[in-house]
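For reference, final29.txt (compact mmCIF, C-alpha atoms and all ligand atoms):
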```
# COMPACT_ATOMS: atom_id res chain seq x y z
CA MET A 3 12.93 -28.45 3.18
CA LYS A 4 11.25 -25.77 1.08
CA GLY A 5 9.65 -22.52 2.37
CA VAL A 6 8.34 -19.19 1.07
CA LEU A 7 9.50 -15.70 2.01
CA LEU A 8 7.07 -12.94 1.04
CA VAL A 9 8.56 -9.43 1.11
CA ASN A 10 6.67 -6.16 0.83
CA LEU A 11 7.91 -2.59 1.27
CA GLY A 12 7.15 -1.91 4.95
CA SER A 13 5.66 0.94 6.97
CA PRO A 14 6.57 3.00 10.01
CA ASP A 15 5.62 1.56 13.43
CA SER A 16 3.06 4.30 14.00
CA PRO A 17 1.75 7.37 12.16
CA THR A 18 3.88 9.79 14.18
CA ALA A 19 6.83 11.87 12.98
CA LYS A 20 8.98 10.13 15.63
CA ASP A 21 8.41 6.71 14.00
CA VAL A 22 8.14 7.90 10.40
CA LYS A 23 11.60 9.54 10.53
CA PRO A 24 13.74 6.39 11.11
CA TYR A 25 11.60 4.45 8.64
CA LEU A 26 12.05 7.09 5.91
CA ASP A 27 15.75 7.30 6.79
CA GLU A 28 16.24 3.58 6.12
CA PHE A 29 14.06 3.74 2.97
CA LEU A 30 15.56 6.85 1.36
CA MET A 31 19.16 6.02 2.32
CA ASP A 32 18.84 2.86 0.20
CA GLU A 33 21.24 3.35 -2.74
CA ARG A 34 18.67 1.80 -5.09
CA VAL A 35 16.00 4.33 -4.09
CA ILE A 36 18.01 7.58 -4.01
CA ASP A 37 20.79 6.51 -6.32
CA VAL A 38 23.38 9.26 -5.87
CA PRO A 39 26.81 9.01 -4.18
CA LYS A 40 26.52 8.38 -0.45
CA TRP A 41 27.80 11.83 0.61
CA LEU A 42 25.17 13.50 -1.58
CA ARG A 43 22.43 11.10 -0.43
CA ASN A 44 23.31 12.05 3.15
CA ILE A 45 22.87 15.75 2.38
CA LEU A 46 19.68 15.23 0.35
CA VAL A 47 17.99 12.81 2.74
CA ARG A 48 19.25 13.78 6.19
CA GLY A 49 20.00 17.44 5.51
CA ILE A 50 16.93 18.30 3.43
CA ILE A 51 14.12 15.72 3.03
CA LEU A 52 14.03 14.41 6.61
CA GLN A 53 13.88 17.94 8.00
CA THR A 54 10.28 18.36 6.88
CA ARG A 55 8.93 15.14 5.32
CA PRO A 56 8.35 13.03 8.49
CA LYS A 57 5.77 15.50 9.83
CA LYS A 58 3.99 15.74 6.48
CA SER A 59 4.09 11.96 5.93
CA ALA A 60 2.92 11.26 9.50
CA GLU A 61 -0.14 13.44 8.88
CA ALA A 62 -0.87 11.48 5.71
CA TYR A 63 -0.36 8.12 7.48
CA SER A 64 -2.72 9.24 10.30
CA LYS A 65 -5.53 9.62 7.76
CA ILE A 66 -5.32 6.01 6.60
CA TRP A 67 -4.05 4.16 9.71
CA TRP A 68 -6.23 1.31 10.98
CA GLU A 69 -6.82 0.14 14.53
CA GLU A 70 -4.74 -3.00 13.76
CA GLY A 71 -1.91 -0.89 12.29
CA SER A 72 -0.58 0.12 8.88
CA PRO A 73 -2.90 -1.03 6.06
CA LEU A 74 0.07 -2.31 4.02
CA ILE A 75 1.27 -4.49 6.91
CA VAL A 76 -2.19 -5.69 7.95
CA LEU A 77 -3.16 -6.55 4.37
CA SER A 78 0.14 -8.35 3.74
CA GLU A 79 -0.42 -10.34 6.94
CA ARG A 80 -3.94 -11.27 5.87
CA PHE A 81 -2.58 -12.44 2.52
CA SER A 82 0.13 -14.55 4.22
CA GLU A 83 -2.38 -16.05 6.67
CA LYS A 84 -4.68 -17.10 3.84
CA LEU A 85 -1.76 -18.45 1.82
CA ARG A 86 -0.74 -20.66 4.76
CA LYS A 87 -4.20 -22.25 4.62
CA HIS A 88 -3.75 -23.02 0.91
CA THR A 89 -0.30 -24.62 0.96
CA GLN A 90 1.71 -27.07 3.08
CA VAL A 91 4.88 -25.08 2.44
CA PRO A 92 5.89 -22.84 5.42
CA VAL A 93 5.30 -19.14 4.65
CA ALA A 94 7.00 -16.17 6.36
CA LEU A 95 6.47 -12.45 5.79
CA GLY A 96 9.14 -9.77 5.99
CA MET A 97 9.43 -6.12 4.99
CA ARG A 98 12.28 -4.43 3.12
CA TYR A 99 12.23 -1.47 5.54
CA GLY A 100 11.07 -1.05 9.13
CA SER A 101 10.83 -3.36 12.09
CA MET A 102 9.35 -6.49 10.42
CA THR A 103 12.69 -7.50 9.01
CA ILE A 104 13.73 -9.97 6.32
CA LYS A 105 16.21 -11.41 8.85
CA SER A 106 13.48 -12.36 11.35
CA ALA A 107 11.32 -13.84 8.58
CA LEU A 108 14.25 -16.00 7.39
CA GLN A 109 14.93 -17.01 11.01
CA GLU A 110 11.26 -18.06 11.32
CA LEU A 111 11.69 -20.29 8.25
CA LYS A 112 15.00 -21.70 9.49
CA ASP A 113 13.40 -22.61 12.85
CA LYS A 114 10.90 -24.69 10.88
CA GLY A 115 13.71 -26.56 9.14
CA VAL A 116 13.60 -24.63 5.86
CA ASP A 117 16.84 -24.41 3.86
CA ASP A 118 15.45 -23.87 0.34
CA VAL A 119 13.52 -20.58 0.03
CA LEU A 120 11.28 -19.16 -2.68
CA LEU A 121 11.66 -15.38 -2.38
CA VAL A 122 8.51 -13.53 -3.49
CA PRO A 123 8.98 -9.76 -3.79
CA LEU A 124 5.39 -8.51 -3.53
CA TYR A 125 5.71 -6.29 -6.60
CA PRO A 126 4.33 -7.27 -10.02
CA HIS A 127 7.02 -5.21 -11.85
CA TYR A 128 10.77 -5.01 -11.76
CA ALA A 129 12.31 -1.72 -10.58
CA MET A 130 15.65 -1.26 -8.91
CA SER A 131 13.91 0.69 -6.12
CA SER A 132 11.38 -2.07 -5.40
CA PHE A 133 12.00 -5.61 -6.73
CA GLU A 134 15.79 -5.42 -7.07
CA THR A 135 16.45 -3.95 -3.63
CA VAL A 136 14.40 -6.76 -2.04
CA VAL A 137 16.46 -9.40 -3.84
CA VAL A 138 19.80 -7.74 -3.03
CA LYS A 139 18.90 -7.26 0.66
CA THR A 140 17.65 -10.84 1.04
CA LEU A 141 20.85 -12.23 -0.47
CA GLU A 142 22.95 -10.00 1.82
CA VAL A 143 21.04 -11.23 4.89
CA LYS A 144 21.34 -14.83 3.72
CA ASP A 145 25.12 -14.52 3.15
CA GLU A 146 25.64 -12.97 6.58
CA PHE A 147 23.27 -15.00 8.78
CA PHE A 148 22.00 -18.03 6.85
CA PRO A 149 24.85 -19.09 4.56
CA GLY A 150 23.47 -22.63 4.12
CA MET A 151 20.18 -21.44 2.67
CA LYS A 152 19.33 -21.58 -1.03
CA ILE A 153 17.27 -18.65 -2.38
CA THR A 154 15.28 -18.75 -5.61
CA THR A 155 13.42 -15.60 -6.69
CA LEU A 156 9.96 -15.56 -8.24
CA PRO A 157 10.29 -13.33 -11.34
CA ALA A 158 8.18 -10.18 -11.76
CA PHE A 159 4.74 -11.43 -12.77
CA TYR A 160 3.36 -8.32 -14.56
CA LYS A 161 2.49 -10.26 -17.74
CA ASN A 162 1.68 -13.65 -16.31
CA LEU A 163 -1.70 -14.39 -17.88
CA ASP A 164 -3.15 -16.00 -14.75
CA TYR A 165 -2.23 -12.88 -12.79
CA ILE A 166 -3.71 -10.66 -15.52
CA LYS A 167 -6.94 -12.64 -15.26
CA VAL A 168 -7.11 -12.30 -11.46
CA LEU A 169 -6.33 -8.57 -11.66
CA SER A 170 -8.81 -7.93 -14.49
CA GLU A 171 -11.59 -9.81 -12.72
CA SER A 172 -11.03 -7.77 -9.56
CA ILE A 173 -11.12 -4.54 -11.60
CA LYS A 174 -14.37 -5.71 -13.25
CA GLU A 175 -15.79 -6.36 -9.79
CA GLY A 176 -14.71 -2.89 -8.64
CA LEU A 177 -16.41 -1.33 -11.67
CA LYS A 178 -19.66 -3.28 -11.28
CA ASP A 179 -21.79 -0.48 -9.82
CA PHE A 180 -19.83 2.41 -11.23
CA GLU A 181 -20.51 4.14 -14.52
CA TYR A 182 -17.22 5.53 -15.87
CA ASP A 183 -16.03 7.26 -18.98
CA HIS A 184 -12.31 6.65 -18.32
CA LEU A 185 -10.20 4.04 -16.54
CA LEU A 186 -6.81 5.32 -15.37
CA PHE A 187 -3.95 2.93 -14.53
CA SER A 188 -1.88 4.92 -12.04
CA TYR A 189 1.49 3.27 -11.32
CA HIS A 190 4.04 4.33 -8.71
CA GLY A 191 6.52 6.67 -10.42
CA ILE A 192 10.29 6.34 -10.54
CA PRO A 193 12.95 8.80 -11.74
CA GLU A 194 13.59 8.47 -15.48
CA ARG A 195 17.27 7.95 -14.63
CA HIS A 196 16.41 4.62 -12.99
CA ILE A 197 15.06 3.32 -16.30
CA ARG A 198 18.32 4.16 -18.10
CA LYS A 199 20.41 2.69 -15.28
CA SER A 200 18.51 -0.60 -15.42
CA ASP A 201 18.89 -0.92 -19.20
CA PRO A 202 21.44 -3.74 -19.79
CA THR A 203 21.98 -2.63 -23.41
CA ASN A 204 22.77 0.96 -22.33
CA PHE A 205 20.97 2.34 -25.39
CA HIS A 206 17.48 0.85 -25.73
CA CYS A 207 15.47 2.86 -23.20
CA LYS A 208 15.09 6.41 -24.48
CA ILE A 209 11.83 6.95 -22.61
CA ASP A 210 10.13 8.11 -25.78
CA SER A 211 6.91 6.75 -27.18
CA SER A 212 8.53 3.89 -29.08
CA CYS A 213 11.23 2.15 -27.01
CA CYS A 214 8.85 0.41 -24.64
CA SER A 215 6.88 -1.11 -27.51
CA THR A 216 9.95 -2.21 -29.54
CA ASN A 217 11.01 -5.71 -28.58
CA SER A 218 14.19 -5.77 -26.49
CA VAL A 219 16.02 -7.70 -23.79
CA ALA A 220 15.84 -4.40 -21.86
CA HIS A 221 12.20 -5.11 -21.10
CA HIS A 222 13.15 -7.64 -18.43
CA THR A 223 14.23 -4.68 -16.33
CA CYS A 224 12.24 -1.79 -17.84
CA TYR A 225 9.60 -0.72 -15.33
CA ARG A 226 7.96 1.61 -17.88
CA HIS A 227 7.62 -1.15 -20.48
CA GLN A 228 6.19 -3.50 -17.86
CA CYS A 229 3.55 -0.96 -16.75
CA TYR A 230 2.40 -0.37 -20.35
CA LYS A 231 2.43 -4.11 -21.10
CA MET A 232 0.32 -4.93 -18.04
CA THR A 233 -2.18 -2.21 -18.99
CA GLU A 234 -2.47 -3.55 -22.55
CA LEU A 235 -3.03 -7.11 -21.32
CA VAL A 236 -5.72 -6.04 -18.83
CA ARG A 237 -7.39 -3.82 -21.44
CA ASN A 238 -7.47 -6.73 -23.90
CA TYR A 239 -8.79 -9.13 -21.27
CA MET A 240 -11.54 -6.65 -20.34
CA ASN A 241 -12.22 -5.92 -23.99
CA LEU A 242 -12.03 -2.15 -23.48
CA PRO A 243 -11.47 0.35 -26.32
CA GLU A 244 -8.00 1.91 -26.39
CA GLU A 245 -9.27 5.45 -25.81
CA LYS A 246 -11.10 4.51 -22.62
CA VAL A 247 -7.88 3.55 -20.82
CA SER A 248 -4.63 5.39 -20.05
CA VAL A 249 -1.48 5.15 -17.94
CA SER A 250 0.05 7.64 -15.51
CA PHE A 251 2.68 7.68 -12.74
CA GLN A 252 2.13 8.96 -9.20
CA SER A 253 4.17 9.79 -6.06
CA ARG A 254 7.31 11.68 -7.05
CA LEU A 255 9.91 13.63 -5.15
CA PRO A 256 10.94 17.10 -6.41
CA ASN A 257 13.99 18.00 -8.53
CA ASP A 258 14.29 14.97 -10.84
CA PRO A 259 12.31 14.19 -13.99
CA TRP A 260 10.12 11.20 -13.10
CA LEU A 261 8.12 9.01 -15.45
CA LYS A 262 5.31 10.93 -17.14
CA PRO A 263 2.44 11.63 -17.43
CA TYR A 264 2.03 12.55 -13.79
CA THR A 265 -1.19 11.26 -12.21
CA ASP A 266 -2.07 14.54 -10.46
CA PHE A 267 -1.76 16.44 -13.76
CA GLU A 268 -4.12 13.91 -15.38
CA PHE A 269 -6.70 14.51 -12.61
CA GLU A 270 -6.66 18.19 -13.60
CA ARG A 271 -6.73 17.52 -17.34
CA PHE A 272 -9.45 14.86 -17.64
CA PRO A 273 -12.52 16.96 -16.68
CA LYS A 274 -11.47 19.66 -19.18
CA GLU A 275 -11.50 16.97 -21.88
CA GLY A 276 -14.96 15.81 -20.91
CA LYS A 277 -13.80 12.77 -18.92
CA LYS A 278 -15.86 13.44 -15.83
CA LYS A 279 -16.52 9.95 -14.47
CA LEU A 280 -13.20 8.46 -13.55
CA ALA A 281 -12.19 5.05 -12.21
CA VAL A 282 -8.59 4.61 -11.01
CA VAL A 283 -6.71 1.37 -10.53
CA THR A 284 -3.25 1.17 -8.90
CA PRO A 285 -1.64 -2.09 -10.11
CA ALA A 286 1.97 -1.36 -9.06
CA PHE A 287 0.84 -2.34 -5.58
CA VAL A 288 -0.53 -5.70 -4.52
CA SER A 289 -1.73 -4.25 -1.21
CA ASP A 290 -3.42 -0.95 -0.49
CA CYS A 291 -1.12 1.49 1.28
CA LEU A 292 -0.45 5.15 1.82
CA GLU A 293 0.03 5.71 -1.90
CA THR A 294 -3.37 4.29 -2.82
CA LEU A 295 -5.55 5.10 0.20
CA GLU A 296 -4.36 8.66 0.77
CA GLU A 297 -2.83 9.85 -2.50
CA ILE A 298 -5.35 8.27 -4.86
CA ALA A 299 -8.55 7.50 -2.93
CA MET A 300 -8.54 10.77 -0.90
CA GLU A 301 -6.27 13.41 -2.52
CA GLY A 302 -6.96 12.21 -6.05
CA LYS A 303 -10.70 12.41 -5.59
CA HIS A 304 -10.32 15.93 -4.21
CA GLN A 305 -8.09 17.06 -7.11
CA PHE A 306 -10.38 15.53 -9.74
CA THR A 307 -13.60 17.01 -8.34
CA GLU A 308 -11.97 20.43 -7.81
CA ALA A 309 -11.02 20.35 -11.50
CA GLY A 310 -14.65 19.72 -12.49
CA GLY A 311 -14.91 15.91 -12.29
CA GLU A 312 -18.30 14.48 -11.34
CA SER A 313 -17.75 10.98 -10.05
CA TYR A 314 -14.64 9.12 -9.00
CA LYS A 315 -13.75 5.67 -7.77
CA HIS A 316 -10.51 4.10 -6.61
CA ILE A 317 -10.58 0.35 -7.19
CA PRO A 318 -8.87 -1.51 -4.33
CA CYS A 319 -5.66 -3.48 -4.86
CA LEU A 320 -5.80 -7.27 -4.80
CA ASN A 321 -4.98 -7.39 -1.06
CA ASP A 322 -6.17 -10.80 0.21
CA ASN A 323 -8.44 -11.51 -2.78
CA ASP A 324 -9.19 -15.27 -2.79
CA ALA A 325 -8.28 -15.82 -6.45
CA TRP A 326 -4.94 -14.05 -5.90
CA VAL A 327 -4.19 -16.20 -2.84
CA SER A 328 -5.07 -19.38 -4.81
CA LEU A 329 -2.84 -18.32 -7.68
CA MET A 330 0.11 -17.71 -5.36
CA ALA A 331 -0.53 -21.10 -3.71
CA GLN A 332 -0.51 -22.71 -7.15
CA TRP A 333 2.84 -21.03 -8.00
CA VAL A 334 4.30 -22.14 -4.66
CA ASP A 335 3.08 -25.74 -4.99
CA THR A 336 4.34 -26.04 -8.58
CA TRP A 337 7.75 -24.78 -7.48
CA GLU A 338 7.77 -27.15 -4.51
CA LYS A 339 6.68 -30.28 -6.38
CA GLU A 340 7.94 -29.72 -9.93
CA HIS A 341 10.75 -27.17 -9.36
CA VAL A 342 9.09 -24.96 -11.98
CA LEU A 343 8.44 -21.22 -11.68
CA PRO A 344 5.43 -19.57 -13.34
CA GLN A 345 5.62 -18.42 -16.94
CA THR A 346 6.26 -14.69 -17.17
C1 LIG A 401 13.14 8.18 -4.59
C2 LIG A 401 12.02 7.89 -4.00
C3 LIG A 401 11.14 6.74 -4.24
C4 LIG A 401 11.17 5.74 -5.24
C5 LIG A 401 12.13 5.58 -6.38
C6 LIG A 401 10.08 4.85 -4.96
C7 LIG A 401 9.75 3.71 -5.72
C8 LIG A 401 8.75 2.82 -5.39
N1 LIG A 401 7.98 2.79 -4.24
C9 LIG A 401 7.07 1.76 -4.32
C10 LIG A 401 6.09 1.42 -3.37
C11 LIG A 401 5.72 2.20 -2.27
N2 LIG A 401 6.23 3.43 -1.92
C12 LIG A 401 5.59 3.87 -0.78
C13 LIG A 401 5.83 5.04 -0.10
C14 LIG A 401 6.87 5.95 -0.40
N3 LIG A 401 7.67 5.95 -1.52
C15 LIG A 401 8.61 6.96 -1.41
C16 LIG A 401 9.65 7.25 -2.30
C17 LIG A 401 10.02 6.45 -3.40
N4 LIG A 401 9.43 5.32 -3.85
C18 LIG A 401 8.36 7.65 -0.17
C19 LIG A 401 9.14 8.85 0.34
C20 LIG A 401 7.31 6.99 0.47
C21 LIG A 401 6.81 7.26 1.91
C22 LIG A 401 5.64 8.01 2.07
C23 LIG A 401 5.80 9.46 1.84
O1 LIG A 401 6.54 10.12 2.56
O2 LIG A 401 5.15 9.95 0.90
C24 LIG A 401 4.61 2.89 -0.38
C25 LIG A 401 3.63 2.97 0.79
C26 LIG A 401 4.19 2.53 2.11
C27 LIG A 401 3.14 2.45 3.20
O3 LIG A 401 3.56 2.39 4.37
O4 LIG A 401 1.94 2.45 2.98
C28 LIG A 401 4.70 1.85 -1.30
C29 LIG A 401 3.92 0.56 -1.28
C30 LIG A 401 7.31 1.09 -5.55
C31 LIG A 401 6.50 -0.12 -6.03
C32 LIG A 401 8.33 1.74 -6.23
C33 LIG A 401 8.94 1.47 -7.54
C34 LIG A 401 8.33 0.98 -8.55
FE FE A 402 7.56 4.58 -3.08
FE FE A 403 11.43 0.83 -22.26
```
Could you write out this structure as structure tokens?
Amino acid sequence: MKGVLLVNLGSPDSPTAKDVKPYLDEFLMDERVIDVPKWLRNILVRGIILQTRPKKSAEAYSKIWWEEGSPLIVLSERFSEKLRKHTQVPVALGMRYGSMTIKSALQELKDKGVDDVLLVPLYPHYAMSSFETVVVKTLEVKDEFFPGMKITTLPAFYKNLDYIKVLSESIKEGLKDFEYDHLLFSYHGIPERHIRKSDPTNFHCKIDSSCCSTNSVAHHTCYRHQCYKMTELVRNYMNLPEEKVSVSFQSRLPNDPWLKPYTDFEFERFPKEGKKKLAVVTPAFVSDCLETLEEIAMEGKHQFTEAGGESYKHIPCLNDNDAWVSLMAQWVDTWEKEHVLPQT
């Protein structure tokens, strides 16, 4: 029998340093997130980052935490609940890190008689630190605890035209009562090194202005290409002029070069260039989370207005948007009945 496993990133159990620390430990000790030899990762994460970050992160989480819990978890649960109403196929939700594990979600499916699973990493783009680590972890859990299960993965859907339509329509809705002179697509950043590591040709991705727009097999795993492609497709769908839209990358850790331009630098730059009414969309995330609600909606607004900006709006992620739920249900049903995955 077929079933669906949705997997998102995860959150700490509460916005306290005590709960944030083990969560960040699991997250940052992932070899696909901090991709250095284990002994060095130990020093960097446990010896340096975890000495100070949990307190700082807990303060940030406190600002966005809801009565029902972490926004990312609550919104992912709302999405799963709605999806269950739209499809006959059993749906379970797990998180890559934290206490809502992939193992318990697979167990939930197994208890319902499921042995053929569609794995849906809740990320529109491929990156080794997001999409790939979900796939690898799920296969590890399956091999160890559910060896009889079959797992099929839904590919990254960043350029699926139905998804582009749903995303664009939700952006249009978010912009309805807001006059803007620039629309910024702020994607989660990754270290530049990750792009080179994920390049199967070993030479295509130079992270210059041209590689991501020159056709290559590398694009299947090039996060940067996929972010620019998604932006272009949304811009075309919305019929916006090229100069009214741009891309940036947010949320970096110190010491490494990460994908540029950096979102916080753009917030400082835009007002000086006369872009004083800014709308920001965060399409690397399907659900609002710390990175959108605190870093963009709160901190970003502060940075932009301090730099001379006049008006600012963060457009929410798709969350449990009805059209998004229906599209996922359509993908699930097509896979269940026709064994076909969506075109990407
Ligand atoms: C090396 C560090 C990190 C990489 C690489 C990275 C990639 C990456 N992350 C997401 C999605 C999310 N990240 C979130 C929080 C978050 N991310 C990092 C570090 C890396 N992410 C940290 C340290 C944190 C924790 C918060 C903090 O201390 O600042 C979240 C939000 C989680 C929540 O509970 O709300 C999401 C979502 C993607 C998609 C990605 C690669 C493309
Ligand atoms: Fe992250
Ligand atoms: Fe590229």
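Across A:Ser82, A:Ser200, A:Ser13, A:Gln90, the tightest approach to ligand FE 403 (chain A) is made by A:Ser200 when counting only C-alpha atoms and all ligand atoms.
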For the contact check between chain A and ligand FE 403 (chain A), emit one row per residue of chain A within 6 Å, containing the shortest atom pair and the distance in Å rounded to one decimal, counting only C-alpha atoms and all ligand atoms, chain then rising number order, as a tab-separated table.
```
residue	atom	partner	partner_atom	distance
A:Cys207	CA	A:FE403	FE	4.6
A:Cys213	CA	A:FE403	FE	4.9
A:Cys214	CA	A:FE403	FE	3.5
A:Cys224	CA	A:FE403	FE	5.2
A:Arg226	CA	A:FE403	FE	5.6
A:His227	CA	A:FE403	FE	4.6
```
Step by step, measure atom-to-atom distances between ligand FE 402 (chain A) and each residue using only C-alpha atoms and all ligand atoms, keep those at most 12 Å, then write them as JSON, numbers by chain.
{"A": [10, 11, 12, 13, 26, 29, 30, 32, 34, 35, 36, 98, 99, 125, 129, 130, 131, 132, 133, 189, 190, 191, 192, 193, 251, 252, 253, 254, 255, 286, 287, 291, 292, 293, 294, 297]}
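Taking CA of Lys167 in chain A and CA of Pro285 in chain A as the two end points, the separation is 12.9 Å.
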Give me the residues within 6 Å of range 302-314 of chain A as a compact mmCIF listing (two decimals) with C-alpha atoms, in the frame of the given file, counting all atoms listed in the file and dropping any in the same chain fewer than 5 places off.
```
# COMPACT_ATOMS: atom_id res chain seq x y z
CA PHE A 269 -6.70 14.51 -12.61
CA GLU A 270 -6.66 18.19 -13.60
CA PRO A 273 -12.52 16.96 -16.68
CA LYS A 278 -15.86 13.44 -15.83
CA LYS A 279 -16.52 9.95 -14.47
CA LEU A 280 -13.20 8.46 -13.55
CA ALA A 281 -12.19 5.05 -12.21
CA GLU A 297 -2.83 9.85 -2.50
```
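With CA of Leu295 in chain A on one side and CA of Val283 in chain A on the other, the separation reads 11.4 Å.
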Can you work out which one of A:Ala60, A:Met330, A:Val122, A:Leu42 has the shortest atom-to-atom distance to ligand LIG 401 (chain A), counting all atoms listed in the file?
A:Ala60
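With distances restricted to all atoms listed in the file, A:Glu296 is the closest residue to ligand LIG 401 (chain A) from A:Asp117, A:Glu296, A:Glu181, A:Glu340.
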A:Ser172, A:Ser289, A:Thr336, A:Asn321 ranked by distance to ligand LIG 401 (chain A), top pick (using only C-alpha atoms and all ligand atoms):
A:Ser289
A straight line from CA of Glu338 in chain A to CA of Thr135 in chain A spans 24.8 Å
For Pro344 in chain A, please output as a PDB file with C-alpha atoms, keeping the file's coordinate frame all residues within 12 Å (counting only C-alpha atoms; exclusion window: fewer than 6 positions along the same chain).
```pdb
ATOM      1  CA  VAL A 122       8.510 -13.530  -3.490  1.00  0.00           C
ATOM      2  CA  THR A 155      13.420 -15.600  -6.690  1.00  0.00           C
ATOM      3  CA  LEU A 156       9.960 -15.560  -8.240  1.00  0.00           C
ATOM      4  CA  PRO A 157      10.290 -13.330 -11.340  1.00  0.00           C
ATOM      5  CA  ALA A 158       8.180 -10.180 -11.760  1.00  0.00           C
ATOM      6  CA  PHE A 159       4.740 -11.430 -12.770  1.00  0.00           C
ATOM      7  CA  TYR A 160       3.360  -8.320 -14.560  1.00  0.00           C
ATOM      8  CA  LYS A 161       2.490 -10.260 -17.740  1.00  0.00           C
ATOM      9  CA  ASN A 162       1.680 -13.650 -16.310  1.00  0.00           C
ATOM     10  CA  LEU A 163      -1.700 -14.390 -17.880  1.00  0.00           C
ATOM     11  CA  ASP A 164      -3.150 -16.000 -14.750  1.00  0.00           C
ATOM     12  CA  TYR A 165      -2.230 -12.880 -12.790  1.00  0.00           C
ATOM     13  CA  LEU A 329      -2.840 -18.320  -7.680  1.00  0.00           C
ATOM     14  CA  MET A 330       0.110 -17.710  -5.360  1.00  0.00           C
ATOM     15  CA  ALA A 331      -0.530 -21.100  -3.710  1.00  0.00           C
ATOM     16  CA  GLN A 332      -0.510 -22.710  -7.150  1.00  0.00           C
ATOM     17  CA  TRP A 333       2.840 -21.030  -8.000  1.00  0.00           C
ATOM     18  CA  VAL A 334       4.300 -22.140  -4.660  1.00  0.00           C
ATOM     19  CA  ASP A 335       3.080 -25.740  -4.990  1.00  0.00           C
ATOM     20  CA  THR A 336       4.340 -26.040  -8.580  1.00  0.00           C
ATOM     21  CA  TRP A 337       7.750 -24.780  -7.480  1.00  0.00           C
ATOM     22  CA  GLU A 338       7.770 -27.150  -4.510  1.00  0.00           C
TER      23      GLU A 338
END
```
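Shortest atom-to-atom contact with ligand LIG 401 (chain A) among A:Glu275, A:Asp179, A:Asp258, A:Glu244: A:Asp258, counting all atoms listed in the file.
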May I have the residues within 12 Å of Val47 in chain A as a CSV table (one decimal) with C-alpha atoms, in the frame of the given file, using only C-alpha atoms and disregarding those fewer than 3 positions away in the same chain?
```
chain,number,residue,atom,x,y,z
A,23,LYS,CA,11.6,9.5,10.5
A,24,PRO,CA,13.7,6.4,11.1
A,26,LEU,CA,12.0,7.1,5.9
A,27,ASP,CA,15.8,7.3,6.8
A,28,GLU,CA,16.2,3.6,6.1
A,29,PHE,CA,14.1,3.7,3.0
A,30,LEU,CA,15.6,6.8,1.4
A,31,MET,CA,19.2,6.0,2.3
A,32,ASP,CA,18.8,2.9,0.2
A,33,GLU,CA,21.2,3.4,-2.7
A,35,VAL,CA,16.0,4.3,-4.1
A,36,ILE,CA,18.0,7.6,-4.0
A,37,ASP,CA,20.8,6.5,-6.3
A,38,VAL,CA,23.4,9.3,-5.9
A,39,PRO,CA,26.8,9.0,-4.2
A,40,LYS,CA,26.5,8.4,-0.4
A,41,TRP,CA,27.8,11.8,0.6
A,42,LEU,CA,25.2,13.5,-1.6
A,43,ARG,CA,22.4,11.1,-0.4
A,44,ASN,CA,23.3,12.0,3.2
A,50,ILE,CA,16.9,18.3,3.4
A,51,ILE,CA,14.1,15.7,3.0
A,52,LEU,CA,14.0,14.4,6.6
A,53,GLN,CA,13.9,17.9,8.0
A,54,THR,CA,10.3,18.4,6.9
A,55,ARG,CA,8.9,15.1,5.3
A,56,PRO,CA,8.4,13.0,8.5
A,255,LEU,CA,9.9,13.6,-5.2
```
Which of these, A:Trp67, A:Trp260, A:Phe148, A:Tyr230, has the shortest distance to Arg195 in chain A once you count only C-alpha atoms?
A:Trp260
Spatial neighbours of Ser59 in chain A, max dist 9 Å, only C-alpha atoms, sep filter under 3 positions, as number ranges by chain
A: 17-19, 22, 54-56, 62-64
Name all residues at most 10 Å from Met240 in chain A (count all atoms listed in the file; drop same-chain ones fewer than 2 positions away) and give them as a PDB file with C-alpha atoms, in the frame of the given file.
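Contents of out-v8.pdb, as written:
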```pdb
ATOM      1  CA  LYS A 167      -6.940 -12.640 -15.260  1.00  0.00           C
ATOM      2  CA  SER A 170      -8.810  -7.930 -14.490  1.00  0.00           C
ATOM      3  CA  GLU A 171     -11.590  -9.810 -12.720  1.00  0.00           C
ATOM      4  CA  ILE A 173     -11.120  -4.540 -11.600  1.00  0.00           C
ATOM      5  CA  LYS A 174     -14.370  -5.710 -13.250  1.00  0.00           C
ATOM      6  CA  GLU A 234      -2.470  -3.550 -22.550  1.00  0.00           C
ATOM      7  CA  LEU A 235      -3.030  -7.110 -21.320  1.00  0.00           C
ATOM      8  CA  VAL A 236      -5.720  -6.040 -18.830  1.00  0.00           C
ATOM      9  CA  ARG A 237      -7.390  -3.820 -21.440  1.00  0.00           C
ATOM     10  CA  ASN A 238      -7.470  -6.730 -23.900  1.00  0.00           C
ATOM     11  CA  LEU A 242     -12.030  -2.150 -23.480  1.00  0.00           C
ATOM     12  CA  PRO A 243     -11.470   0.350 -26.320  1.00  0.00           C
TER      13      PRO A 243
END
```
